[in-house]
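K.L.:
Take this structure, written in structure tokens, and hold onto it; I'll ask about it next.
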Amino acid sequence: MVSSSVLGFPRIGADREVKKAVEAYWAGKISADQLTEAAAGVKKTNWTSLKAKGVDYIPSGEFSLYDHVLDHSAAFNVIPKRYIGQGLSPLDVYFAMARGRQADGVDVPASEMKKWFDSNYHFVVPEFSEETDFKLLFNKPLEEYKEAQALGIETRPVVLGPVSFLHLGKASKDAKPGFQPISLLPKLLPVYKALLTDLKSAGVEWVQVDEPVLVLDQAANYEKEFTSAYGDLSPVAPKILLTTYFGRLDTNLSYVVKLPVAGLHVDLDRAPGQLDEVVAAVKPTSIILSLGLVSGRNVWKTDFQAALKVGQKAVDALGADRVVIATSSSLLHTPVTLQSEKKLTAEQKDWFSFALEKSAEVSVIAKALSGSQDADVAQAIEANRASIAKRRDFESSSDDAIRKRVAAITPDMYERKSPFAVRQETQKKHISLPKFPTTTIGSFPQTKEIRSHRAKFTKGEITQEQYEDFIKKEIESAVRFQERIGLDLLVHGEPERNDMVQYFGEQLNGFVFTQNGWVQSYGSRYVRPPIIVSDVSRSGPMTVKWSAYAQSVTKLPMKGMLTGPVTILNWSFPRADVPRELQTRQLALALRDEVVDLEKAGIHAVQVDEPALREGLPLRRADWDSYLTWAVESFKLSTAGVSDALQTHSHFCYSDFNDIFPSIQRLDADVISIEASKSDMKLLEAFKQYGYSNSIGPGVYDVHSPRVPGDQEIRDRLKAMAGVLPDSLLFVNPDCGLKTRGWKETEASLANLVSAARWARENYA
Ligand code: MET
Ligand SMILES: [Zn+2]
């Protein structure tokens, strides 16, 4: 029999129950017990619905109140010293690691977060040193396994594998120079052994051990580690399903099939080309093969005919008992269910499949491959055939005008009229800025009032005019605030934007939106990515009205604010029928027109945010060039249609620049702002080393935490920055937008930022 499996399920709840409960707990409105209860409710719903869909292997242990990597660190006693001895409960230590804590005499910053592979999910980075004292404080997979069992549901616990855990971590500040987390493997394995032994004694048959690092080039160096780790763990563990996802195994396959594991999972959504190799490699072994055929990363319905063909190939080679049909990765990256969507048309709804629907898909495909004569299965297959045919039909109708415009792009359209040095002089005449100019990244707090006005407008409870008057008032008060606090280059504050991608998607042709398609981005922050369904174009100006209004109420220079083409693509669910490259170029042309319109409206600075450029970087080096070429070209296409006088800005909220430095340089933005508050000054050294020559604003404080940075703290950063980069190129700004913050901390933080910049002006005259 071919069986079916889901690698992980969204842990936010169909109605965002987990966000609500976690935030209520932070606000002191509910107790720890009530939080646990809310979480148990969501887990129960997930498990029972997966069971109802007929999934054979249901995951447990992957639920999280914030982040699964953080759960793992906390359970394994990988807790940085700064969080210990503060008199906090284990739960509050956990949240302090996640988001920092500034209350009752405790003042600790948050741990660093990083993007989870090439997704928009952020994990909390574990910190290791020679001193790390691994202990199993809590066997989370076991506890959740038992929790499901008590509900009558048998599950397959999930645990992050030892090599991936160490690889994803970083050396803590107190580690010796040159320390490599992976060197801790021998010390770590006994704890895994304890965890797995307990699972086995509890009667667990299969455990899913995630080793996503196996799809990275670096894993080629980990053969020894994998061999010793799994050699150690297998004898004491339940049957191990070793899972890889988001890419291909490539040469790592040769050692992976020699590991003493009972099953191997591969991602055939991202890397369909590896099928034949993988089947051939596992054939002589007794390894069971889990085929990741149902995408964990997109929202499109699986084409059953195509999936059945692949599945059949594996069944023919290995026999039905050695084949599992699975989601390609955890479904964490997809919305919970289509059932909550009331506004999509029937035609649109028929194109998609969210987590719950995808769970049904694995089950149907597995049953069909097992030769099921079930009428429900036959019906599901027939319905799928009809849906896929209709979608193909829709896809074949393209917007010829846009396709032609993309085809007619010429190389000169990527370039500004003059080099940076010339532009800089021209711009000085249009925007007068002091040395160490202060600015912000765009958004100001999205208050309850803003959200409630937007909700009322969406529901038709207030008129467009009333809503726009309200937004104007908000913009004006943001402008007055910035003037009062003493910022130099102002922003309008983005009160009209629900989300930096959705806002643009809603005004462009080619997108559809969900009402409830939330996906976790980090902790309790969820996003609702728009879906690109056809060719993209702009019907008219999207932001000009607001930026022009903001400029009309102040003499200080105003910075227009747009989301870049690569970020819109990466933070949407792209269509699957045409390359991402084409979709991005279409977006770039729409944005180019917008930037030109902003200049015409008298705006002298425009920021085109590309916070997602890095995360779209392919996981394998061999695939980088082609991505970076079209990503850089798309950004340039969107910003190069203007005169030299327009100061272009771009913003990146990550610090992982090493790999993409030359590309950042090639963007040729006049000013970039980057995340530098959590990483050390090594980052700036790299900018120096590469000879980065345009202006740069390394973020001086971390906006992801409610903590207020002190004036001295910011001065120290400026001092360090000016020690590395020419001070004539420096801008002073936070490391990201302020929409998730409250006004109180925003005001306090920015006041400190302005005073630190003034200090710098005096000291670096
Ligand atoms: C995630 S990057 C955010 C940039 C955007 N302009 C903002 O300030 O919110
Ligand atoms: Zn940002």
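Chain labels follow the order of the structure tokens: the first chain is A, the next B, and so on; residue numbering restarts at 1 in every chain, and ligands are counted from 1 in their shown order.
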Could you give me, as a ChimeraX atom specification, each residue of range 651-718 of chain A that DSSP assigns to helix (DSSP H, G or I) when run on this structure's backbone?
P.N.:
/A:658-667,682-689,711-718
K.L.:
Could you take the residues named above and write them with C-alpha atoms, as a compact mmCIF listing (two decimals), in the first residue's frame?
P.N.:
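File written: out-v8.txt
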```
# COMPACT_ATOMS: atom_id res chain seq x y z
CA ASN A 658 28.45 38.37 2.02
CA ASP A 659 27.04 36.28 -0.78
CA ILE A 660 25.41 39.04 -2.74
CA PHE A 661 27.65 42.04 -2.32
CA PRO A 662 28.41 42.62 -5.97
CA SER A 663 24.71 42.49 -6.74
CA ILE A 664 23.86 45.08 -4.09
CA GLN A 665 26.47 47.30 -5.66
CA ARG A 666 25.06 46.73 -9.11
CA LEU A 667 21.64 47.96 -7.97
CA LYS A 682 32.03 43.00 10.60
CA LEU A 683 29.27 43.67 8.16
CA LEU A 684 30.43 47.22 7.57
CA GLU A 685 34.00 46.04 7.12
CA ALA A 686 32.71 44.04 4.21
CA PHE A 687 31.13 47.13 2.66
CA LYS A 688 34.47 48.85 3.01
CA GLN A 689 36.37 45.93 1.62
CA ASP A 711 21.22 57.58 23.28
CA GLN A 712 24.68 56.35 24.21
CA GLU A 713 24.04 52.96 22.62
CA ILE A 714 23.25 54.68 19.32
CA ARG A 715 26.25 57.00 19.60
CA ASP A 716 28.46 53.95 20.04
CA ARG A 717 27.05 52.49 16.86
CA LEU A 718 27.58 55.68 14.94
```
K.L.:
Taking only residues of range 124-159 of chain A that have an atom at most 12 Å from an atom of range 233-250 of chain A, what is each one's shortest atom pair and its distance in Å to one decimal, using only C-alpha atoms, in chain and number order, as a tab-separated table?
P.N.:
```
residue	atom	partner	partner_atom	distance
A:Leu142	CA	A:Pro238	CA	11.9
A:Arg156	CA	A:Leu241	CA	9.5
A:Pro157	CA	A:Pro238	CA	10.1
A:Val158	CA	A:Leu241	CA	9.4
A:Val159	CA	A:Leu242	CA	10.1
```
K.L.:
Using the selection just defined, write its residues with C-alpha atoms as a tab-separated table (two decimals), in the first residue's frame.
P.N.:
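File again_10.tsv, as written:
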```tsv
chain	number	residue	atom	x	y	z
A	142	LEU	CA	7.18	13.10	23.02
A	156	ARG	CA	4.71	10.77	13.67
A	157	PRO	CA	6.72	13.13	15.88
A	158	VAL	CA	8.96	15.66	14.15
A	159	VAL	CA	12.36	16.75	15.37
```
K.L.:
Could you give me, as CSV, a per-residue list for chain A showing, wherever an atom lies at most 8 Å from an atom of ligand 2, the closest pair of atoms and their distance in Å to one decimal, using only C-alpha atoms and all ligand atoms and sorting by chain then residue number from low to high?
P.N.:
```
residue,atom,partner,partner_atom_place_in_ligand_line,distance
A:Ile441,CA,ligand 2,1 (Zn),7.1
A:Asp609,CA,ligand 2,1 (Zn),7.7
A:Pro611,CA,ligand 2,1 (Zn),5.7
A:His651,CA,ligand 2,1 (Zn),6.4
A:Phe652,CA,ligand 2,1 (Zn),5.7
A:Cys653,CA,ligand 2,1 (Zn),4.1
A:Tyr654,CA,ligand 2,1 (Zn),7.8
A:Ile674,CA,ligand 2,1 (Zn),8.0
A:Glu675,CA,ligand 2,1 (Zn),7.6
A:Asp735,CA,ligand 2,1 (Zn),6.5
A:Cys736,CA,ligand 2,1 (Zn),3.8
A:Gly737,CA,ligand 2,1 (Zn),5.6
```
K.L.:
Based on the selection just made, write N, CA and C atoms of those residues as a PDB file, in the first residue's frame.
P.N.:
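Output file out-v5.pdb is given in full below:
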```
ATOM      1  N   ILE A 441      12.501  54.215   7.823  1.00  0.00           N
ATOM      2  CA  ILE A 441      12.405  53.255   6.717  1.00  0.00           C
ATOM      3  C   ILE A 441      11.047  53.306   6.033  1.00  0.00           C
ATOM      4  N   ASP A 609      11.835  49.432  -1.761  1.00  0.00           N
ATOM      5  CA  ASP A 609      12.278  48.432  -0.787  1.00  0.00           C
ATOM      6  C   ASP A 609      12.502  47.067  -1.423  1.00  0.00           C
ATOM      7  N   PRO A 611      13.474  44.137   0.651  1.00  0.00           N
ATOM      8  CA  PRO A 611      13.861  43.293   1.786  1.00  0.00           C
ATOM      9  C   PRO A 611      13.846  41.796   1.456  1.00  0.00           C
ATOM     10  N   HIS A 651      15.996  49.527   0.587  1.00  0.00           N
ATOM     11  CA  HIS A 651      16.093  49.055   1.962  1.00  0.00           C
ATOM     12  C   HIS A 651      16.127  47.530   1.979  1.00  0.00           C
ATOM     13  N   PHE A 652      17.020  47.015   2.814  1.00  0.00           N
ATOM     14  CA  PHE A 652      17.139  45.560   2.987  1.00  0.00           C
ATOM     15  C   PHE A 652      17.125  45.288   4.470  1.00  0.00           C
ATOM     16  N   CYS A 653      16.226  44.417   4.947  1.00  0.00           N
ATOM     17  CA  CYS A 653      16.289  44.204   6.393  1.00  0.00           C
ATOM     18  C   CYS A 653      16.940  42.874   6.720  1.00  0.00           C
ATOM     19  N   TYR A 654      18.116  42.695   6.207  1.00  0.00           N
ATOM     20  CA  TYR A 654      18.899  41.519   6.585  1.00  0.00           C
ATOM     21  C   TYR A 654      20.350  41.939   6.551  1.00  0.00           C
ATOM     22  N   ILE A 674      20.318  49.220   5.640  1.00  0.00           N
ATOM     23  CA  ILE A 674      20.479  47.788   5.868  1.00  0.00           C
ATOM     24  C   ILE A 674      20.301  47.457   7.336  1.00  0.00           C
ATOM     25  N   GLU A 675      20.062  46.203   7.622  1.00  0.00           N
ATOM     26  CA  GLU A 675      19.946  45.756   9.002  1.00  0.00           C
ATOM     27  C   GLU A 675      21.356  45.565   9.541  1.00  0.00           C
ATOM     28  N   ASP A 735      16.531  50.025  11.747  1.00  0.00           N
ATOM     29  CA  ASP A 735      16.860  48.986  10.772  1.00  0.00           C
ATOM     30  C   ASP A 735      15.669  48.458   9.984  1.00  0.00           C
ATOM     31  N   CYS A 736      14.483  48.984  10.261  1.00  0.00           N
ATOM     32  CA  CYS A 736      13.324  48.598   9.449  1.00  0.00           C
ATOM     33  C   CYS A 736      12.187  49.571   9.754  1.00  0.00           C
ATOM     34  N   GLY A 737      11.028  49.345   9.135  1.00  0.00           N
ATOM     35  CA  GLY A 737       9.863  50.203   9.356  1.00  0.00           C
ATOM     36  C   GLY A 737       9.298  50.016  10.764  1.00  0.00           C
TER      37      GLY A 737
END
```
K.L.:
Write out as an mmCIF file with C-alpha atoms, in the first residue's frame the residues lying within 8 Å of Phe573 in chain A, counting only C-alpha atoms and excluding same-chain residues fewer than 4 positions away.
P.N.:
```
data_model
loop_
_atom_site.group_PDB
_atom_site.id
_atom_site.type_symbol
_atom_site.label_atom_id
_atom_site.label_comp_id
_atom_site.auth_asym_id
_atom_site.auth_seq_id
_atom_site.Cartn_x
_atom_site.Cartn_y
_atom_site.Cartn_z
ATOM 1 C CA ASN A 298 2.588 27.345 -3.177
ATOM 2 C CA VAL A 299 -1.195 27.579 -3.209
ATOM 3 C CA PRO A 529 0.504 37.016 0.503
ATOM 4 C CA PRO A 530 -1.379 38.017 -2.608
ATOM 5 C CA ILE A 531 -1.556 35.494 -5.395
ATOM 6 C CA ILE A 532 -0.337 36.316 -8.888
ATOM 7 C CA LEU A 569 7.265 38.598 -6.290
#
```
K.L.:
Can you work out which one of A:Ser111, A:Ser3, A:Thr45, A:Gln218 has the shortest atom-to-atom distance to Ala148 in chain A, counting only C-alpha atoms?
P.N.:
A:Thr45
